[in-house]
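Colleague: Structure in structure tokens, see below.
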Amino acid sequence: MNECRVLKALVVCHAGAGLGLGHLTRALVVARAMQQELGAQVQLLIQGDVVSMDALDRVVHQFLPSHESLKTAVSAIARQNDLQLLVFDLHPMQVPVDIDDLFVELRSNGRKLIAVDALACHSRFLDLVFIPAFQFQPPPNTEDVAKFIFGWDCFLLNVQQKPRPWQLGKNVLILSGGSDATELGRNWPRELNGALPEDSDLHWITGPFAQAPVWPECPRIKMHNHIAPPGLDDFMINANYAITVYGVSFYELLYYGVPTVVFSPYGHKDNSELKAIAEIGVALVATD
């Protein structure tokens, strides 16, 4: 009787200053799920700045500098480790120009390829495109729409605890993203200091690639700056309210039942989703 072959997989993602931690966080969720549910041997390749996270200690990983070729690195890892499955969660502005050549090479050796979120236009080279969104429109002229999976049950949430019943309180959690790419920390503390009730406890999370927030000289509320904490679950569970940029952390706050104001600082990119969220009424959507 032949022994079952252990699945060997590589998860590839981007992270760093200007890119944030969203792709890396999702990649870790994918890696953990494959380890727990499939018994897979999973490696993680992160292109971008080196970052320290507790969850990284539980998966074999390596960092690739931004200036080096992702195609070369992935090809080498695939050959050396006899990989069967590769999952790509890439930043849309960092997708290599030779990504299709990489996909063709990998598929020629019988490997399965899955993309998360940003590679919908390359679906003809992929076996599955997993969209962590509740609405999605395939690109024009897409031949095989069955490759796309999306919906409210497709969010790759990095939640570690169970929700608690919501309670009235004064703790307000502020999430501006892992890199605060649009520098909300320069203005939001002043605005919030003027808008929140005087007995508020504001808890600002400064991501590992973000600049420190600019506090008012004489705050009228309590303001706490938490610099690159190892996880957000405890902050979310203890929050009575939250204000966040649109992204995976927003859906984690929904999971924990925290009344949330959500805002997208990225122009019109998230208008469709935020319009639906406002209509459903699961959060308050800020427009400026």
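Note on naming: chains are A, B, ... as they come in the structure tokens, residues start from 1 per chain, ligands start from 1 in the order shown.
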Which residues come within 9 Å of region 143-159 of chain A, counting only C-alpha atoms, excluding same-chain residues fewer than 2 positions away, as number ranges by chain?

Modeller: A: 25-30, 120, 123-124, 126-136, 138, 140-141, 161-162, 232-233, 248-249, 251-252, 255-256

Colleague: Next, dump the selected residues to file, keeping only N, CA, C and O atoms, as a compact mmCIF listing (two decimals), in the first residue's frame.

Modeller:
```txt
# COMPACT_ATOMS: atom_id res chain seq x y z
N THR A 25 -0.57 39.20 5.81
CA THR A 25 -1.52 38.67 6.78
C THR A 25 -2.40 37.60 6.15
O THR A 25 -2.62 36.52 6.73
N ARG A 26 -2.91 37.89 4.95
CA ARG A 26 -3.74 36.89 4.27
C ARG A 26 -2.94 35.65 3.91
O ARG A 26 -3.43 34.53 4.01
N ALA A 27 -1.69 35.86 3.47
CA ALA A 27 -0.84 34.72 3.11
C ALA A 27 -0.62 33.81 4.31
O ALA A 27 -0.59 32.58 4.18
N LEU A 28 -0.48 34.40 5.48
CA LEU A 28 -0.30 33.59 6.69
C LEU A 28 -1.58 32.82 7.03
O LEU A 28 -1.51 31.68 7.51
N VAL A 29 -2.73 33.42 6.79
CA VAL A 29 -3.99 32.72 7.00
C VAL A 29 -4.08 31.51 6.06
O VAL A 29 -4.46 30.41 6.46
N VAL A 30 -3.71 31.73 4.79
CA VAL A 30 -3.74 30.64 3.81
C VAL A 30 -2.77 29.53 4.22
O VAL A 30 -3.11 28.33 4.19
N ALA A 120 -6.64 38.59 -11.43
CA ALA A 120 -7.80 38.15 -12.19
C ALA A 120 -7.56 38.21 -13.70
O ALA A 120 -8.06 37.37 -14.45
N SER A 123 -6.11 34.98 -15.41
CA SER A 123 -6.82 33.76 -15.02
C SER A 123 -6.61 32.60 -15.99
O SER A 123 -6.71 31.44 -15.59
N ARG A 124 -6.30 32.89 -17.26
CA ARG A 124 -6.12 31.79 -18.22
C ARG A 124 -4.92 30.92 -17.87
O ARG A 124 -4.81 29.79 -18.34
N LEU A 126 -4.17 30.23 -14.65
CA LEU A 126 -4.38 29.81 -13.27
C LEU A 126 -5.44 28.72 -13.17
O LEU A 126 -6.30 28.60 -14.04
N ASP A 127 -5.38 27.97 -12.07
CA ASP A 127 -6.38 26.94 -11.82
C ASP A 127 -7.54 27.48 -11.00
O ASP A 127 -8.66 26.97 -11.09
N LEU A 128 -7.28 28.51 -10.19
CA LEU A 128 -8.31 29.08 -9.32
C LEU A 128 -7.93 30.51 -8.99
O LEU A 128 -6.76 30.81 -8.76
N VAL A 129 -8.94 31.38 -8.97
CA VAL A 129 -8.74 32.77 -8.53
C VAL A 129 -9.69 33.00 -7.36
O VAL A 129 -10.91 32.99 -7.52
N PHE A 130 -9.12 33.20 -6.18
CA PHE A 130 -9.88 33.34 -4.94
C PHE A 130 -9.99 34.82 -4.61
O PHE A 130 -8.99 35.50 -4.38
N ILE A 131 -11.21 35.35 -4.62
CA ILE A 131 -11.44 36.78 -4.41
C ILE A 131 -12.02 37.00 -3.02
O ILE A 131 -13.18 36.65 -2.76
N PRO A 132 -11.25 37.58 -2.08
CA PRO A 132 -11.77 37.85 -0.73
C PRO A 132 -12.63 39.11 -0.73
O PRO A 132 -12.26 40.16 -0.20
N ALA A 133 -13.81 39.00 -1.36
CA ALA A 133 -14.73 40.12 -1.47
C ALA A 133 -16.15 39.58 -1.61
O ALA A 133 -16.34 38.44 -2.04
N PHE A 134 -17.14 40.40 -1.24
CA PHE A 134 -18.53 39.94 -1.34
C PHE A 134 -19.15 40.27 -2.69
O PHE A 134 -20.26 39.84 -2.98
N GLN A 135 -18.44 41.05 -3.52
CA GLN A 135 -18.90 41.31 -4.87
C GLN A 135 -17.69 41.37 -5.80
O GLN A 135 -16.60 41.78 -5.41
N PHE A 136 -17.90 40.92 -7.03
CA PHE A 136 -16.79 40.85 -7.98
C PHE A 136 -17.33 40.71 -9.39
O PHE A 136 -18.31 39.99 -9.62
N PRO A 138 -15.85 39.62 -13.08
CA PRO A 138 -14.69 39.13 -13.84
C PRO A 138 -14.29 40.10 -14.94
O PRO A 138 -15.14 40.83 -15.47
N PRO A 140 -13.40 41.69 -18.58
CA PRO A 140 -14.05 41.44 -19.87
C PRO A 140 -13.37 40.31 -20.63
O PRO A 140 -12.16 40.12 -20.54
N ASN A 141 -14.17 39.56 -21.36
CA ASN A 141 -13.70 38.47 -22.21
C ASN A 141 -13.09 37.31 -21.43
O ASN A 141 -12.32 36.52 -21.97
N GLN A 161 -9.56 34.78 18.22
CA GLN A 161 -10.41 34.62 19.40
C GLN A 161 -11.88 34.64 18.97
O GLN A 161 -12.21 34.96 17.82
N LYS A 162 -12.76 34.29 19.91
CA LYS A 162 -14.18 34.30 19.65
C LYS A 162 -14.77 35.66 20.02
O LYS A 162 -14.32 36.31 20.96
N LEU A 232 -3.78 42.10 16.66
CA LEU A 232 -4.81 43.10 16.90
C LEU A 232 -6.03 42.53 17.62
O LEU A 232 -6.94 43.28 17.96
N ASP A 233 -6.06 41.23 17.85
CA ASP A 233 -7.26 40.61 18.41
C ASP A 233 -7.65 41.21 19.75
O ASP A 233 -8.82 41.53 19.99
N VAL A 248 -8.83 44.31 5.13
CA VAL A 248 -9.19 43.08 5.84
C VAL A 248 -9.49 43.34 7.32
O VAL A 248 -10.35 42.67 7.91
N SER A 249 -8.82 44.33 7.93
CA SER A 249 -9.08 44.61 9.34
C SER A 249 -10.51 45.08 9.57
O SER A 249 -11.08 44.85 10.64
N TYR A 251 -13.16 43.90 8.09
CA TYR A 251 -14.00 42.71 8.18
C TYR A 251 -13.72 41.92 9.47
O TYR A 251 -14.61 41.24 10.00
N GLU A 252 -12.50 42.03 9.99
CA GLU A 252 -12.22 41.41 11.29
C GLU A 252 -12.97 42.13 12.40
O GLU A 252 -13.46 41.50 13.34
N TYR A 255 -16.40 40.87 12.31
CA TYR A 255 -16.44 39.54 12.92
C TYR A 255 -16.56 39.66 14.44
O TYR A 255 -17.32 38.91 15.08
N TYR A 256 -15.82 40.60 15.03
CA TYR A 256 -15.85 40.77 16.48
C TYR A 256 -17.03 41.61 16.96
O TYR A 256 -17.18 41.84 18.16
```

Colleague: Of the candidates A:Arg111, A:His91, A:His67, A:His61, which shows the shortest atom-to-atom distance to Arg79 (chain A), using only C-alpha atoms?

Modeller: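 The closest residue to Arg79 (chain A) is A:Arg111.
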
Colleague: Tell me which protein, DNA and RNA residues are within 9 Å of region 69-72 of chain A, counting only C-alpha atoms, leaving out same-chain ones fewer than 5 positions away, and put them as a count of residues only.

Modeller: 8

Colleague: Which residues are close to Val12 (chain A), i.e. within 9 Å by only C-alpha atoms, leaving aside same-chain residues fewer than 3 positions away? Reply as a PyMOL selection string.

Modeller: chain A and resi 24+27+43-47+74+86-90

Colleague: Include all heavy atoms and write out the residues we just selected as a tab-separated table (two decimals), in the first residue's frame.

Modeller:
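Written output follows (out-v6.tsv):
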```
chain	number	residue	atom	x	y	z
A	24	LEU	N	0.51	39.98	3.34
A	24	LEU	CA	1.23	39.04	4.19
A	24	LEU	C	0.30	38.41	5.21
A	24	LEU	O	0.37	37.20	5.47
A	24	LEU	CB	2.39	39.75	4.88
A	24	LEU	CG	3.18	38.94	5.93
A	24	LEU	CD1	3.69	37.62	5.35
A	24	LEU	CD2	4.32	39.76	6.50
A	27	ALA	N	-1.69	35.86	3.47
A	27	ALA	CA	-0.84	34.72	3.11
A	27	ALA	C	-0.62	33.81	4.31
A	27	ALA	O	-0.59	32.58	4.18
A	27	ALA	CB	0.49	35.22	2.56
A	43	GLN	N	5.74	26.67	2.60
A	43	GLN	CA	6.76	27.69	2.71
A	43	GLN	C	6.14	29.03	2.29
A	43	GLN	O	5.15	29.07	1.56
A	43	GLN	CB	7.94	27.40	1.79
A	43	GLN	CG	8.68	26.12	2.08
A	43	GLN	CD	9.87	25.94	1.16
A	43	GLN	OE1	10.74	26.80	1.07
A	43	GLN	NE2	9.90	24.81	0.45
A	44	LEU	N	6.75	30.10	2.77
A	44	LEU	CA	6.26	31.44	2.46
A	44	LEU	C	7.41	32.27	1.88
A	44	LEU	O	8.50	32.32	2.47
A	44	LEU	CB	5.73	32.09	3.74
A	44	LEU	CG	4.96	33.40	3.63
A	44	LEU	CD1	3.72	33.23	2.79
A	44	LEU	CD2	4.59	33.90	5.02
A	45	LEU	N	7.17	32.90	0.74
A	45	LEU	CA	8.14	33.81	0.13
A	45	LEU	C	7.54	35.21	0.15
A	45	LEU	O	6.48	35.44	-0.43
A	45	LEU	CB	8.46	33.39	-1.30
A	45	LEU	CG	9.41	34.32	-2.07
A	45	LEU	CD1	10.80	34.35	-1.43
A	45	LEU	CD2	9.50	33.92	-3.54
A	46	ILE	N	8.22	36.13	0.82
A	46	ILE	CA	7.72	37.49	0.99
A	46	ILE	C	8.67	38.45	0.27
A	46	ILE	O	9.84	38.57	0.65
A	46	ILE	CB	7.65	37.87	2.48
A	46	ILE	CG1	6.88	36.81	3.27
A	46	ILE	CG2	7.05	39.25	2.66
A	46	ILE	CD1	7.34	36.64	4.69
A	47	GLN	N	8.16	39.12	-0.76
A	47	GLN	CA	9.00	40.11	-1.44
A	47	GLN	C	8.71	41.49	-0.84
A	47	GLN	O	7.58	41.95	-0.83
A	47	GLN	CB	8.75	40.13	-2.94
A	47	GLN	CG	9.70	41.07	-3.67
A	47	GLN	CD	9.62	40.95	-5.17
A	47	GLN	OE1	8.54	40.85	-5.74
A	47	GLN	NE2	10.76	40.94	-5.83
A	74	VAL	N	11.02	32.27	-7.38
A	74	VAL	CA	9.96	31.27	-7.30
A	74	VAL	C	10.34	30.02	-8.10
A	74	VAL	O	10.13	28.88	-7.64
A	74	VAL	CB	8.63	31.85	-7.80
A	74	VAL	CG1	7.56	30.76	-7.92
A	74	VAL	CG2	8.14	32.95	-6.87
A	86	LEU	N	1.21	26.33	-5.78
A	86	LEU	CA	1.70	27.68	-5.48
A	86	LEU	C	0.52	28.63	-5.39
A	86	LEU	O	-0.39	28.60	-6.23
A	86	LEU	CB	2.68	28.17	-6.55
A	86	LEU	CG	4.00	27.39	-6.61
A	86	LEU	CD1	3.93	26.33	-7.70
A	86	LEU	CD2	5.17	28.34	-6.86
A	87	VAL	N	0.54	29.47	-4.35
A	87	VAL	CA	-0.51	30.46	-4.12
A	87	VAL	C	0.13	31.84	-4.16
A	87	VAL	O	1.12	32.10	-3.47
A	87	VAL	CB	-1.20	30.24	-2.76
A	87	VAL	CG1	-2.31	31.27	-2.55
A	87	VAL	CG2	-1.74	28.82	-2.66
A	88	PHE	N	-0.44	32.75	-4.98
A	88	PHE	CA	0.12	34.08	-5.15
A	88	PHE	C	-0.87	35.12	-4.63
A	88	PHE	O	-2.02	35.18	-5.08
A	88	PHE	CB	0.40	34.37	-6.63
A	88	PHE	CG	1.48	33.50	-7.22
A	88	PHE	CD1	1.18	32.24	-7.71
A	88	PHE	CD2	2.79	33.96	-7.29
A	88	PHE	CE1	2.17	31.44	-8.26
A	88	PHE	CE2	3.79	33.16	-7.82
A	88	PHE	CZ	3.48	31.90	-8.32
A	89	ASP	N	-0.42	35.92	-3.65
A	89	ASP	CA	-1.21	37.05	-3.15
A	89	ASP	C	-0.34	38.30	-3.31
A	89	ASP	O	0.38	38.71	-2.39
A	89	ASP	CB	-1.61	36.84	-1.69
A	89	ASP	CG	-2.61	37.86	-1.20
A	89	ASP	OD1	-2.77	38.91	-1.86
A	89	ASP	OD2	-3.25	37.63	-0.16
A	90	LEU	N	-0.38	38.89	-4.50
A	90	LEU	CA	0.52	39.97	-4.86
A	90	LEU	C	-0.17	41.33	-4.83
A	90	LEU	O	-1.37	41.43	-5.11
A	90	LEU	CB	1.10	39.73	-6.26
A	90	LEU	CG	1.80	38.38	-6.49
A	90	LEU	CD1	2.38	38.33	-7.90
A	90	LEU	CD2	2.88	38.14	-5.45
```

Colleague: Name the residues in contact with Glu183 (chain A) at a cut-off of 12 Å, using only C-alpha atoms, excluding same-chain residues fewer than 6 positions from it; report them as a list in words.

Modeller: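 Result of the neighbour search: Ala17, Gly18, Leu175, Ser176, Gly177, Pro189, Thr206, Gly207, Phe209, Ala210, Gln211, Ala212, Pro213, Val214, Val245, Pro265 and Tyr266 of chain A.
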
Colleague: Find the residue from A:Gly231, A:Val6, A:Leu184, A:Ser264 that sits nearest to Gly39 (chain A); use only C-alpha atoms when measuring.

Modeller: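 Going through A:Gly231, A:Val6, A:Leu184, A:Ser264 one by one, the smallest distance to Gly39 (chain A) is for A:Val6.
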
Colleague: Could you find all residues in region 183-252 of chain A that DSSP calls strand (DSSP E) from the backbone, and write them as a VMD selection string?

Modeller: chain A and resid 201 to 206 222 to 227 241 to 245

Colleague: May I have the residues from that selection written out with N, CA and C atoms, as a PDB file, in the first residue's frame?

Modeller:
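Wrote it out as out-v8.pdb, contents follow:
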```pdb
ATOM      1  N   ASP A 201     -11.120  57.056  25.428  1.00  0.00           N
ATOM      2  CA  ASP A 201      -9.771  56.483  25.409  1.00  0.00           C
ATOM      3  C   ASP A 201      -9.473  56.081  23.975  1.00  0.00           C
ATOM      4  N   LEU A 202      -8.616  56.827  23.310  1.00  0.00           N
ATOM      5  CA  LEU A 202      -8.278  56.551  21.920  1.00  0.00           C
ATOM      6  C   LEU A 202      -7.035  55.676  21.860  1.00  0.00           C
ATOM      7  N   HIS A 203      -7.144  54.548  21.150  1.00  0.00           N
ATOM      8  CA  HIS A 203      -6.021  53.620  21.001  1.00  0.00           C
ATOM      9  C   HIS A 203      -5.625  53.572  19.524  1.00  0.00           C
ATOM     10  N   TRP A 204      -4.498  54.204  19.215  1.00  0.00           N
ATOM     11  CA  TRP A 204      -4.003  54.301  17.846  1.00  0.00           C
ATOM     12  C   TRP A 204      -2.974  53.187  17.603  1.00  0.00           C
ATOM     13  N   ILE A 205      -3.162  52.428  16.529  1.00  0.00           N
ATOM     14  CA  ILE A 205      -2.201  51.392  16.174  1.00  0.00           C
ATOM     15  C   ILE A 205      -1.275  51.927  15.089  1.00  0.00           C
ATOM     16  N   THR A 206       0.013  52.021  15.405  1.00  0.00           N
ATOM     17  CA  THR A 206       1.014  52.420  14.416  1.00  0.00           C
ATOM     18  C   THR A 206       1.621  51.159  13.816  1.00  0.00           C
ATOM     19  N   LYS A 222      -7.902  61.032  26.250  1.00  0.00           N
ATOM     20  CA  LYS A 222      -6.755  60.158  26.461  1.00  0.00           C
ATOM     21  C   LYS A 222      -6.359  59.533  25.122  1.00  0.00           C
ATOM     22  N   MET A 223      -5.068  59.595  24.800  1.00  0.00           N
ATOM     23  CA  MET A 223      -4.591  59.099  23.513  1.00  0.00           C
ATOM     24  C   MET A 223      -3.398  58.179  23.743  1.00  0.00           C
ATOM     25  N   HIS A 224      -3.478  56.969  23.218  1.00  0.00           N
ATOM     26  CA  HIS A 224      -2.445  55.961  23.409  1.00  0.00           C
ATOM     27  C   HIS A 224      -1.950  55.506  22.037  1.00  0.00           C
ATOM     28  N   ASN A 225      -0.632  55.449  21.893  1.00  0.00           N
ATOM     29  CA  ASN A 225      -0.033  54.983  20.640  1.00  0.00           C
ATOM     30  C   ASN A 225       0.595  53.606  20.865  1.00  0.00           C
ATOM     31  N   HIS A 226       0.104  52.596  20.135  1.00  0.00           N
ATOM     32  CA  HIS A 226       0.624  51.236  20.241  1.00  0.00           C
ATOM     33  C   HIS A 226       1.426  50.947  18.973  1.00  0.00           C
ATOM     34  N   ILE A 227       2.734  50.778  19.144  1.00  0.00           N
ATOM     35  CA  ILE A 227       3.637  50.665  18.002  1.00  0.00           C
ATOM     36  C   ILE A 227       3.822  49.209  17.607  1.00  0.00           C
ATOM     37  N   TYR A 241     -15.724  50.927  20.079  1.00  0.00           N
ATOM     38  CA  TYR A 241     -15.958  51.479  18.749  1.00  0.00           C
ATOM     39  C   TYR A 241     -14.639  51.435  17.987  1.00  0.00           C
ATOM     40  N   ALA A 242     -14.713  51.547  16.682  1.00  0.00           N
ATOM     41  CA  ALA A 242     -13.490  51.547  15.883  1.00  0.00           C
ATOM     42  C   ALA A 242     -13.647  52.456  14.669  1.00  0.00           C
ATOM     43  N   ILE A 243     -12.523  52.987  14.236  1.00  0.00           N
ATOM     44  CA  ILE A 243     -12.426  53.730  12.981  1.00  0.00           C
ATOM     45  C   ILE A 243     -11.276  53.120  12.209  1.00  0.00           C
ATOM     46  N   THR A 244     -11.517  52.729  10.970  1.00  0.00           N
ATOM     47  CA  THR A 244     -10.486  52.002  10.233  1.00  0.00           C
ATOM     48  C   THR A 244     -10.500  52.357   8.755  1.00  0.00           C
ATOM     49  N   VAL A 245      -9.328  52.218   8.133  1.00  0.00           N
ATOM     50  CA  VAL A 245      -9.284  52.268   6.676  1.00  0.00           C
ATOM     51  C   VAL A 245      -9.882  50.970   6.141  1.00  0.00           C
TER      52      VAL A 245
END
```

Colleague: Using the chain letters and numbers from this document, which residues of region 39-129 of chain A does DSSP assign to alpha helix (DSSP H), as an MDAnalysis selection string?

Modeller: chainID A and resid 70:81 99:108

Colleague: In Å, how far is it from CA of Arg220 (chain A) to CA of Glu191 (chain A)?

Modeller: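 One can read the CA of Arg220 (chain A) to CA of Glu191 (chain A) distance as 11.5 Å.
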
Colleague: Which one is closest to Ala40 (chain A): A:Ala276, A:Ala15, A:Ala9, A:Val97? Count only C-alpha atoms.

Modeller: A:Ala9
